[in-house]
Structures are given as C-alpha cells and as structure tokens.
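So this block is model-v5.tsv, TSV, C-alpha atoms:
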```
chain	number	residue	atom	x	y	z
Y	44	MET	CA	16.11	-14.92	104.95
Y	45	GLY	CA	14.91	-18.43	105.61
Y	46	SER	CA	15.43	-17.91	109.33
Y	47	HIS	CA	12.41	-15.61	109.32
Y	48	ALA	CA	10.10	-18.52	108.51
Y	49	ALA	CA	9.66	-20.12	111.90
Y	50	PRO	CA	10.04	-23.92	112.11
Y	51	HIS	CA	6.84	-25.76	112.88
Y	52	HIS	CA	5.21	-28.89	113.99
Y	53	ASN	CA	6.56	-32.32	113.15
Y	54	ARG	CA	4.40	-33.93	115.82
Y	55	ARG	CA	1.65	-32.90	118.19
Y	56	PHE	CA	1.70	-33.47	121.93
Y	57	LEU	CA	-1.81	-33.32	123.37
Y	58	VAL	CA	-1.84	-32.62	127.09
Y	59	THR	CA	-3.77	-35.40	128.83
Y	60	ALA	CA	-6.71	-34.92	131.19
Y	61	ALA	CA	-4.43	-35.54	134.18
Y	62	GLY	CA	-2.00	-33.00	132.80
Y	63	LEU	CA	-4.74	-30.36	132.83
Y	64	LEU	CA	-4.55	-30.14	136.59
Y	65	LEU	CA	-0.77	-30.13	136.62
Y	66	LEU	CA	-0.58	-27.33	134.05
Y	67	GLY	CA	-2.62	-24.78	135.90
Y	68	GLY	CA	-6.14	-25.99	136.45
Y	69	GLY	CA	-8.76	-25.67	133.81
Y	70	LEU	CA	-7.57	-26.10	130.26
Y	71	LEU	CA	-10.62	-26.03	128.02
Y	72	GLY	CA	-12.48	-24.14	130.74
Y	73	LEU	CA	-12.71	-27.03	133.22
Y	74	PRO	CA	-12.79	-26.25	136.96
Y	75	ARG	CA	-9.73	-26.98	139.04
Y	76	ALA	CA	-9.57	-29.95	141.40
Y	77	ASP	CA	-10.40	-27.66	144.33
Y	78	GLY	CA	-13.64	-26.59	142.65
Y	79	ALA	CA	-12.47	-23.08	141.77
Y	80	PRO	CA	-13.26	-21.79	138.28
Y	81	ALA	CA	-10.60	-21.80	135.60
Y	82	PRO	CA	-8.49	-18.63	135.40
Y	83	ALA	CA	-10.05	-15.89	133.30
Y	84	ASP	CA	-8.41	-13.74	130.68
Y	85	ALA	CA	-6.78	-10.95	132.70
Y	86	CYS	CA	-8.46	-8.23	130.62
Y	87	HIS	CA	-11.72	-10.12	129.97
Y	88	THR	CA	-11.17	-9.68	126.23
Y	89	ALA	CA	-14.08	-11.78	125.01
Y	90	SER	CA	-16.36	-9.04	123.71
Y	91	THR	CA	-16.55	-7.66	120.19
Y	92	ARG	CA	-15.20	-4.27	121.24
Y	93	LEU	CA	-11.58	-3.23	121.42
Y	94	PRO	CA	-10.50	-3.29	125.08
Y	95	ARG	CA	-8.94	-0.09	126.33
Y	96	GLY	CA	-6.88	0.54	129.44
Y	97	ASP	CA	-4.59	-1.42	131.71
Y	98	CYS	CA	-5.65	-4.60	133.49
Y	99	GLY	CA	-4.06	-6.66	136.23
Y	100	PRO	CA	-0.28	-6.71	135.71
Y	101	PHE	CA	-0.61	-5.60	132.07
Y	102	TRP	CA	-0.11	-2.06	130.77
Y	103	GLN	CA	-1.68	-1.37	127.38
Y	104	VAL	CA	0.80	-0.15	124.77
Y	105	LEU	CA	-1.24	-0.75	121.58
Y	106	ALA	CA	-4.98	-0.39	120.90
Y	107	GLU	CA	-5.89	-0.42	117.20
Y	108	ASP	CA	-9.45	-0.76	115.85
Y	109	PHE	CA	-8.58	0.18	112.23
Y	110	ASN	CA	-11.25	2.89	112.16
Y	111	GLY	CA	-8.81	5.63	111.20
Y	112	ASP	CA	-7.10	6.26	107.88
Y	113	ARG	CA	-7.51	3.84	105.02
Y	114	VAL	CA	-4.44	1.92	103.92
Y	115	PRO	CA	-4.90	0.78	100.30
Y	116	LEU	CA	-3.13	-2.14	98.69
Y	117	GLY	CA	0.40	-1.14	97.79
Y	118	SER	CA	1.06	0.76	101.02
Y	119	PHE	CA	2.84	-2.04	102.88
Y	120	SER	CA	5.87	-1.69	100.60
Y	121	ASP	CA	9.55	-0.83	100.97
Y	122	CYS	CA	9.75	-2.73	104.27
Y	123	GLU	CA	13.47	-3.57	104.15
Y	124	HIS	CA	14.47	-0.87	106.65
Y	125	ASP	CA	16.16	-2.02	109.90
Y	126	VAL	CA	14.52	-5.43	109.60
Y	127	ASP	CA	13.73	-7.39	112.74
Y	128	THR	CA	14.47	-4.47	115.05
Y	129	SER	CA	12.19	-2.02	116.84
Y	130	ALA	CA	13.35	0.58	114.29
Y	131	ALA	CA	11.95	-1.42	111.35
Y	132	TYR	CA	9.44	0.35	109.12
Y	133	CYS	CA	7.75	0.20	105.72
Y	134	GLY	CA	8.55	3.25	103.58
Y	135	GLY	CA	5.21	2.97	101.77
Y	136	LEU	CA	3.19	3.56	104.93
Y	137	LYS	CA	2.30	6.98	106.34
Y	138	GLY	CA	1.31	8.47	109.69
Y	139	THR	CA	0.35	6.23	112.58
Y	140	TYR	CA	0.42	3.09	110.45
Y	141	ARG	CA	4.06	3.72	109.62
Y	142	ASP	CA	4.71	4.33	113.32
Y	143	ASN	CA	2.85	1.25	114.49
Y	144	TRP	CA	3.31	-1.47	111.87
Y	145	TRP	CA	6.02	-3.33	110.01
Y	146	ALA	CA	5.78	-6.34	107.68
Y	147	TYR	CA	8.17	-9.01	106.49
Y	148	PRO	CA	9.64	-7.56	103.29
Y	149	THR	CA	8.69	-8.66	99.80
Y	150	GLY	CA	10.68	-11.69	98.73
Y	151	TRP	CA	11.21	-13.44	102.05
Y	152	PRO	CA	10.11	-17.10	101.81
Y	153	ASP	CA	7.49	-18.52	104.16
Y	154	THR	CA	7.81	-21.65	106.28
Y	155	ALA	CA	6.59	-24.02	103.55
Y	156	GLU	CA	9.82	-23.62	101.59
Y	157	SER	CA	11.97	-24.91	104.45
Y	158	ARG	CA	9.53	-27.79	104.90
Y	159	GLY	CA	9.85	-28.92	101.30
Y	160	ARG	CA	6.18	-28.41	100.41
Y	161	ASP	CA	5.11	-28.61	96.77
Y	162	VAL	CA	3.33	-25.28	97.12
Y	163	VAL	CA	5.31	-22.60	98.94
Y	164	GLY	CA	4.76	-18.94	99.69
Y	165	VAL	CA	6.69	-15.69	99.45
Y	166	TYR	CA	5.85	-12.64	101.54
Y	167	HIS	CA	4.23	-9.87	99.52
Y	168	PRO	CA	2.69	-7.37	101.97
Y	169	GLU	CA	2.23	-4.80	99.23
Y	170	ASP	CA	-0.45	-6.82	97.42
Y	171	THR	CA	-1.99	-8.76	100.32
Y	172	VAL	CA	-2.60	-6.26	103.17
Y	173	SER	CA	-5.02	-3.34	103.31
Y	174	VAL	CA	-7.02	-1.40	105.91
Y	175	GLY	CA	-10.48	0.03	105.41
Y	176	PRO	CA	-14.16	-0.29	106.32
Y	177	ALA	CA	-16.16	-3.47	105.79
Y	178	PRO	CA	-19.63	-3.16	104.18
Y	179	ASN	CA	-21.09	-2.61	107.68
Y	180	GLY	CA	-18.65	0.27	108.31
Y	181	ASP	CA	-16.43	-1.67	110.72
Y	182	GLY	CA	-12.76	-0.83	110.25
Y	183	ARG	CA	-10.62	-3.86	109.49
Y	184	MET	CA	-7.18	-4.94	108.47
Y	185	SER	CA	-7.70	-7.42	105.64
Y	186	ILE	CA	-5.08	-10.01	104.73
Y	187	ARG	CA	-5.96	-11.52	101.36
Y	188	MET	CA	-3.47	-14.18	100.35
Y	189	TRP	CA	-3.55	-15.57	96.83
Y	190	ARG	CA	-1.78	-17.82	94.37
Y	191	PRO	CA	-1.20	-16.68	90.79
Y	192	ALA	CA	-3.11	-18.46	88.06
Y	193	ASP	CA	0.20	-19.58	86.52
Y	194	GLY	CA	0.90	-21.70	89.61
Y	195	GLY	CA	3.62	-19.53	91.15
Y	196	PRO	CA	4.22	-19.18	94.90
Y	197	VAL	CA	1.46	-18.05	97.25
Y	198	HIS	CA	1.56	-14.34	98.09
Y	199	ALA	CA	1.70	-14.36	101.91
Y	200	ALA	CA	1.87	-11.73	104.66
Y	201	ALA	CA	3.42	-11.44	108.13
Y	202	LEU	CA	2.59	-8.26	110.09
Y	203	VAL	CA	4.51	-7.05	113.14
Y	204	PRO	CA	3.17	-4.45	115.62
Y	205	ARG	CA	6.18	-2.22	116.29
Y	206	ALA	CA	5.14	-1.27	119.85
Y	207	VAL	CA	5.85	-4.80	121.07
Y	208	MET	CA	8.88	-5.74	118.98
Y	209	GLN	CA	11.61	-7.32	121.09
Y	210	MET	CA	9.57	-7.15	124.29
Y	211	LYS	CA	9.78	-9.68	127.12
Y	212	TYR	CA	6.44	-10.93	128.47
Y	213	GLY	CA	3.10	-9.24	127.87
Y	214	LYS	CA	-0.44	-9.85	126.71
Y	215	TYR	CA	-1.41	-10.07	123.03
Y	216	SER	CA	-5.02	-10.05	121.81
Y	217	ALA	CA	-6.97	-9.70	118.57
Y	218	ARG	CA	-10.41	-10.30	117.13
Y	219	ILE	CA	-10.24	-12.25	113.87
Y	220	LYS	CA	-12.30	-14.09	111.28
Y	221	VAL	CA	-11.53	-15.89	108.04
Y	222	THR	CA	-14.05	-14.20	105.76
Y	223	LYS	CA	-13.07	-16.24	102.70
Y	224	PRO	CA	-11.68	-19.74	103.32
Y	225	ALA	CA	-9.87	-21.86	100.76
Y	226	PRO	CA	-7.59	-24.91	101.08
Y	227	GLY	CA	-3.88	-24.20	101.26
Y	228	TYR	CA	-3.79	-21.12	103.50
Y	229	LYS	CA	-3.03	-20.81	107.22
Y	230	SER	CA	-1.96	-18.59	110.10
Y	231	ALA	CA	0.67	-19.05	112.78
Y	232	TRP	CA	0.77	-15.92	114.92
Y	233	LEU	CA	3.79	-16.39	117.10
Y	234	HIS	CA	6.65	-15.37	119.31
Y	235	TYR	CA	9.85	-17.26	118.51
Y	236	GLY	CA	13.61	-17.11	118.93
Y	237	GLY	CA	16.41	-18.60	120.97
Y	238	GLY	CA	15.01	-22.10	120.60
Y	239	CYS	CA	11.62	-21.00	121.99
Y	240	GLU	CA	8.26	-20.66	120.26
Y	241	MET	CA	4.68	-19.83	121.27
Y	242	ASP	CA	2.03	-20.00	118.52
Y	243	HIS	CA	-1.52	-18.69	118.89
Y	244	PRO	CA	-3.68	-18.83	116.91
Y	245	GLU	CA	-2.38	-21.42	114.47
Y	246	GLY	CA	-3.94	-23.68	111.88
Y	247	GLU	CA	-5.05	-24.13	108.30
Y	248	TRP	CA	-7.95	-21.76	107.64
Y	249	THR	CA	-10.20	-24.64	106.58
Y	250	GLY	CA	-9.41	-26.57	109.79
Y	251	SER	CA	-9.35	-25.88	113.52
Y	252	LEU	CA	-7.87	-22.95	115.43
Y	253	SER	CA	-5.25	-24.13	117.94
Y	254	ALA	CA	-2.27	-23.05	120.05
Y	255	PHE	CA	1.16	-24.62	120.38
Y	256	HIS	CA	4.04	-24.17	122.80
Y	257	HIS	CA	7.57	-25.34	121.96
Y	258	PRO	CA	9.54	-25.25	125.24
Y	259	CYS	CA	12.87	-23.47	125.21
Y	260	GLY	CA	15.67	-25.98	124.99
Y	261	GLY	CA	13.54	-28.71	123.43
Y	262	GLY	CA	11.01	-31.21	124.67
Y	263	GLU	CA	7.67	-32.22	123.24
Y	264	GLN	CA	5.44	-29.41	122.15
Y	265	GLY	CA	2.22	-28.58	123.90
Y	266	TYR	CA	-0.85	-28.68	121.64
Y	267	PHE	CA	-4.03	-26.93	122.78
Y	268	PRO	CA	-7.22	-27.00	120.64
Y	269	GLY	CA	-9.18	-23.78	120.82
Y	270	SER	CA	-11.99	-23.64	118.25
Y	271	ASP	CA	-13.33	-25.74	115.42
Y	272	ASP	CA	-13.95	-22.92	112.99
Y	273	TRP	CA	-11.84	-20.03	111.72
Y	274	THR	CA	-14.85	-18.69	109.79
Y	275	GLU	CA	-16.54	-17.36	112.95
Y	276	TRP	CA	-15.41	-14.27	114.84
Y	277	HIS	CA	-13.07	-15.15	117.71
Y	278	THR	CA	-11.14	-13.15	120.27
Y	279	VAL	CA	-7.72	-14.74	120.77
Y	280	SER	CA	-5.27	-13.84	123.54
Y	281	THR	CA	-1.85	-14.97	124.69
Y	282	GLU	CA	-0.68	-14.07	128.19
Y	283	TRP	CA	3.07	-14.51	128.68
Y	284	THR	CA	4.42	-13.96	132.18
Y	285	PRO	CA	7.49	-15.29	134.03
Y	286	GLY	CA	7.29	-19.08	133.94
Y	287	HIS	CA	3.81	-19.20	132.37
Y	288	VAL	CA	2.16	-18.99	128.96
Y	289	ARG	CA	-1.64	-19.06	128.74
Y	290	PHE	CA	-3.84	-19.17	125.65
Y	291	PHE	CA	-7.45	-17.93	125.53
Y	292	VAL	CA	-10.21	-18.07	122.91
Y	293	ASP	CA	-13.28	-15.88	123.52
Y	294	GLY	CA	-12.19	-15.42	127.14
Y	295	ARG	CA	-11.95	-19.19	127.73
Y	296	LEU	CA	-8.63	-20.68	128.84
Y	297	THR	CA	-7.63	-23.28	126.26
Y	298	GLY	CA	-3.99	-23.87	127.21
Y	299	HIS	CA	-1.46	-23.27	129.99
Y	300	ASP	CA	2.16	-24.42	130.01
Y	301	THR	CA	5.03	-23.85	132.42
Y	302	ARG	CA	7.73	-25.89	130.67
Y	303	GLY	CA	10.61	-23.88	129.23
Y	304	VAL	CA	8.70	-20.60	128.96
Y	305	PRO	CA	10.81	-17.91	127.22
Y	306	ASP	CA	12.49	-15.28	129.38
Y	307	LEU	CA	14.04	-13.24	126.57
Y	308	PRO	CA	12.66	-10.39	124.42
Y	309	LEU	CA	10.67	-11.61	121.41
Y	310	SER	CA	8.51	-9.97	118.74
Y	311	TRP	CA	4.85	-10.73	118.06
Y	312	VAL	CA	4.54	-11.81	114.43
Y	313	LEU	CA	1.08	-12.03	112.84
Y	314	GLN	CA	2.25	-14.65	110.35
Y	315	ASN	CA	-0.06	-15.78	107.54
Y	316	GLU	CA	1.30	-18.17	104.95
Y	317	SER	CA	0.87	-21.20	102.71
Y	318	ALA	CA	-0.34	-24.41	104.36
Y	319	LEU	CA	2.02	-26.91	105.98
Y	320	GLU	CA	-0.54	-29.73	106.02
Y	321	GLY	CA	-3.12	-30.96	103.53
Y	322	PRO	CA	-3.44	-29.73	99.95
Y	323	GLY	CA	-1.58	-26.71	98.70
Y	324	ALA	CA	-3.37	-23.64	97.41
Y	325	ALA	CA	-4.77	-24.12	93.92
Y	326	PRO	CA	-3.56	-21.86	91.10
Y	327	GLY	CA	-5.80	-18.80	90.90
Y	328	SER	CA	-7.22	-19.28	94.40
Y	329	SER	CA	-7.35	-16.77	97.26
Y	330	ALA	CA	-8.40	-16.60	100.90
Y	331	GLN	CA	-8.90	-13.74	103.35
Y	332	LEU	CA	-8.54	-13.10	107.08
Y	333	ASP	CA	-10.04	-9.95	108.63
Y	334	VAL	CA	-8.82	-8.40	111.88
Y	335	THR	CA	-11.20	-5.92	113.51
Y	336	TRP	CA	-8.93	-4.95	116.40
Y	337	VAL	CA	-5.54	-5.63	117.95
Y	338	ALA	CA	-4.49	-4.88	121.53
Y	339	ALA	CA	-1.12	-5.47	123.18
Y	340	TYR	CA	0.19	-4.95	126.69
Y	341	ALA	CA	3.54	-4.81	128.44
Y	342	TYR	CA	3.94	-6.82	131.64
Y	343	ASP	CA	4.50	-5.16	135.01
Y	344	TRP	CA	6.16	-2.04	133.57
Y	345	LYS	CA	4.60	0.05	136.33
```
Take the structure in this file and express it as structure tokens.
Amino acid sequence: MGSHAAPHHNRRFLVTAAGLLLLGGGLLGLPRADGAPAPADACHTASTRLPRGDCGPFWQVLAEDFNGDRVPLGSFSDCEHDVDTSAAYCGGLKGTYRDNWWAYPTGWPDTAESRGRDVVGVYHPEDTVSVGPAPNGDGRMSIRMWRPADGGPVHAAALVPRAVMQMKYGKYSARIKVTKPAPGYKSAWLHYGGGCEMDHPEGEWTGSLSAFHHPCGGGEQGYFPGSDDWTEWHTVSTEWTPGHVRFFVDGRLTGHDTRGVPDLPLSWVLQNESALEGPGAAPGSSAQLDVTWVAAYAYDWK
C-alpha cells in the first residue's frame, strides 16, 4: 500500500533566468527572447466557468462542475474494487459519480508515513469528501481533511477521475480554493509511475502553490512557483504532450520542462494529505479545499 503514496521532494531545483529561455520561452509569463508572448494555455482556461469542448490538440473527455446530484459524506466508501485500474470504483457511490470517480481506499497511508513525519495521514474518503452547493449555490466538491482530537493520524483524501486513468498525455485543469486553511495540510495533485512524476498544484495549504517535475530516470527536479496564496480561487492546468510538460496558473505559464518527460500511461491523482514540511496538523484541527470544476482532455485522439 505504501507505493500509493508518491515520493516527494528532498531538494528543490529552481530553474534560473537563463534556463527560462532554454525551457520554452516565458516561464512566469515573460516574453521569449524573440519578443513573442509566452505560450498560452491551449484551452484558455483562466475564467471562472467550466470550459467545454475540444481545443487545439486536446479532446475533452471530462467536464464536471458538480452542479448535479449531491454526494453526502459517507458516499466515497467501499473503494477497494480493481484498485489502480480504469475499472476501479467506489461501491458507495451512485450514478455518474460512480462512473466518473474513484478514491484511494480507506486505510492506505499517505506520503508522510514513508517520510518518517511525526504526524502522518491515512486516506479516509468516506469522511473527508462530499459534493453539494456552496452558500452561493455553486456546486463544489469539498475535501475537508481533519485530525482527531486524540492525536491520531490525519484523515486524508486522494481522488482519481476514472476517465483519464492510465492515459498517456493530455490536459488536466481545475478551479480550486482552500476555503479553510490550517497548518499541517497540503495537496500534491500528480501523475507518477515508472520513475516519473509531475506535480501540479503542490504545496502546504498555508504556503505557496507550486509545480514540480521529476524527470524520468532521475536528475534534479524542476521547481516552478505559481501563486503565493492557496486561499484565493485559482485555475490550474497541466499540459502533457510528447517531450513537454507545461504548468499554468490562471492562464499564465509558470513552468515548462522537456527533460525526461513521461511517455507511458499514468493516472491523474488529486492527492490531498498531511504536510511534508513545517508543523504537523494539530489534534482536533481541520482544513478544507473546494473544487468548483474539473476538466480533462485526451491528446490527439482524433
């Protein structure tokens, strides 16, 4: 089970200003040396609304705004079926949510355990994940992680959109906000496997939102800052194409790497867990991330 908690960052490699030009012109939104503007998000996913339809080389295979059926706490249960395959499902879900979503089963440890942290987490989707309207009527998936008052492990959650499990390349976007921050909680939404890893967004919820790329076969990781504040709404996108991975925040290119980009099928894991840096979650504390939409695209299927 520990293999499902992806290894993370022992050191950070910040691409230098000179490296910006070498890695695709315009990290952090800077113009290229030839004066051309930095590449834009292929689907222009910077607005508050869920994007619909194909764009560029990407064919939309998932568009979820969470405005349909409510999914109360307790529904993301019985998730041990066909784990880590495109046939995986949670027996407690119904209808389109059962068709479209899977979660790491109750009892799997999060990354903090393999890192030897004092405070670790265990995945508990049944008591952390729900779907329903916010006070303003906006449909949202809410991920409320918490630590028991007796000081036990953090209850964490990792969600997996089934439409893009074990898919090679693609575009992956969401609009997110930490609506209740607290020390000791983080996200690392990622693709990983075969010695490769792409993380976006990642960071402790009380810190900055960043992206990381761990080249296949080793080498120093790429570290790409994206935003200073998880507690504001942000649209995050990863574009993964042959030989390239690009990271966007609010339509702005924040990272581009060409070193050891994966060329094998990987799943998109919306991983939320106990912190790997700084203080651990206090007993009795909780924190919440809201997701107002998720969109995913296959690459060049047409």
Who sits within 10 Å of Ala106 (chain Y), all atoms listed in the file, same chain under 3 positions skipped, as an MDAnalysis selection string: chainID Y and resid 93:96 103 109 216:217 336:340
One-decimal distance in Å that lies between CA of Leu252 (chain Y) and CA of Tyr228 (chain Y):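 Result for CA of Tyr228 (chain Y) versus CA of Leu252 (chain Y): 12.7 Å, one decimal.
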List the residues sitting within 8 Å of (1.2, -26.6, 86.9) in the file's frame, using all atoms listed in the file, as an mmCIF file with C-alpha atoms, keeping the file's coordinate frame.
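Listing of selection38.cif after writing:
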```cif
data_model
loop_
_atom_site.group_PDB
_atom_site.id
_atom_site.type_symbol
_atom_site.label_atom_id
_atom_site.label_comp_id
_atom_site.auth_asym_id
_atom_site.auth_seq_id
_atom_site.Cartn_x
_atom_site.Cartn_y
_atom_site.Cartn_z
ATOM 1 C CA ASP Y 193 0.200 -19.580 86.520
ATOM 2 C CA GLY Y 194 0.900 -21.700 89.610
ATOM 3 C CA PRO Y 326 -3.560 -21.860 91.100
#
```
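Among the candidate residues Y:Lys137, Y:His198, Y:His87, Y:Arg158, the one lying nearest to Thr171 (chain Y) is Y:His198, with distances computed using all atoms listed in the file.
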Of the listed residues Y:Arg183, Y:Arg205, Y:Arg190, Y:Lys229, that which approaches His167 (chain Y) most closely, counting all atoms listed in the file: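 Comparing Y:Arg183, Y:Arg205, Y:Arg190, Y:Lys229 against His167 (chain Y), the winner is Y:Arg190.
Of the residues listed (Y:Arg295, Y:Arg187, Y:Arg113, Y:Arg302), Y:Arg302 shows the shortest atom-to-atom separation from Cys239 (chain Y); distances use only C-alpha atoms.
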Between CA of Ser129 (chain Y) and CA of Asp170 (chain Y) - distance in Å to one decimal: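 Taking CA of Asp170 (chain Y) as the start and CA of Ser129 (chain Y) as the end point, the length is 23.7 Å.
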Straight-line distance linking CA of Pro152 (chain Y) with CA of Glu169 (chain Y), stated in Å to one decimal: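 Atom-to-atom, CA of Pro152 (chain Y) to CA of Glu169 (chain Y), that is 14.8 Å.
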Counting only C-alpha atoms, the residue of Y:Ala225, Y:Ala201, Y:Tyr147, Y:Ile219 that sits nearest Ala325 (chain Y):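 Of all the options, Y:Ala225 lies closest to Ala325 (chain Y).
Between Ala146 (chain Y) and the residues Y:Asp125, Y:Asp161, Y:Asp97, Y:Asp181, the shortest atom-to-atom distance, using all atoms listed in the file, involves Y:Asp125.
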Within 6 Å of Phe291 (chain Y) using only C-alpha atoms, minus same-chain residues under 3 positions, as a PyMOL selection string: chain Y and resi 279-280+294-297
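For the residues Y:Val162, Y:Ala177, Y:Ala199, Y:Ala341, ranking by smallest atom-to-atom distance to Thr149 (chain Y) using only C-alpha atoms places Y:Ala199 first.
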Provide an axis-aligned box for all listed atoms of region 182-199 of chain Y, padding each side by 3 Å; report its centre and its edge lengths in Å to one decimal, as JSON.
```
{"center_x": -4.3, "center_y": -11.3, "center_z": 98.4, "size_x": 23.0, "size_y": 26.9, "size_z": 29.7}
```
Residues near Val304 (chain Y), cut-off 10 Å, all atoms listed in the file, skip fewer than 6 positions along chain, as JSON, numbers by chain: {"Y": [212, 239, 240, 241, 256, 257, 258, 259, 260, 283, 284, 285, 286, 287, 288]}
Exercise: Thr249 (chain Y) partners within 12 Å, all atoms listed in the file, chain neighbours under 4 positions left out, as a compact mmCIF listing (two decimals) with C-alpha atoms, in the coordinates of the input:
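Below is the file around_24.txt, written as the result:
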```txt
# COMPACT_ATOMS: atom_id res chain seq x y z
CA LYS Y 220 -12.30 -14.09 111.28
CA VAL Y 221 -11.53 -15.89 108.04
CA THR Y 222 -14.05 -14.20 105.76
CA LYS Y 223 -13.07 -16.24 102.70
CA PRO Y 224 -11.68 -19.74 103.32
CA ALA Y 225 -9.87 -21.86 100.76
CA PRO Y 226 -7.59 -24.91 101.08
CA GLY Y 227 -3.88 -24.20 101.26
CA TYR Y 228 -3.79 -21.12 103.50
CA LYS Y 229 -3.03 -20.81 107.22
CA SER Y 230 -1.96 -18.59 110.10
CA GLU Y 245 -2.38 -21.42 114.47
CA SER Y 270 -11.99 -23.64 118.25
CA ASP Y 271 -13.33 -25.74 115.42
CA ASP Y 272 -13.95 -22.92 112.99
CA TRP Y 273 -11.84 -20.03 111.72
CA THR Y 274 -14.85 -18.69 109.79
CA GLU Y 275 -16.54 -17.36 112.95
CA ALA Y 318 -0.34 -24.41 104.36
CA GLU Y 320 -0.54 -29.73 106.02
CA GLY Y 321 -3.12 -30.96 103.53
CA PRO Y 322 -3.44 -29.73 99.95
CA GLY Y 323 -1.58 -26.71 98.70
CA ALA Y 324 -3.37 -23.64 97.41
CA ALA Y 330 -8.40 -16.60 100.90
CA GLN Y 331 -8.90 -13.74 103.35
CA LEU Y 332 -8.54 -13.10 107.08
```
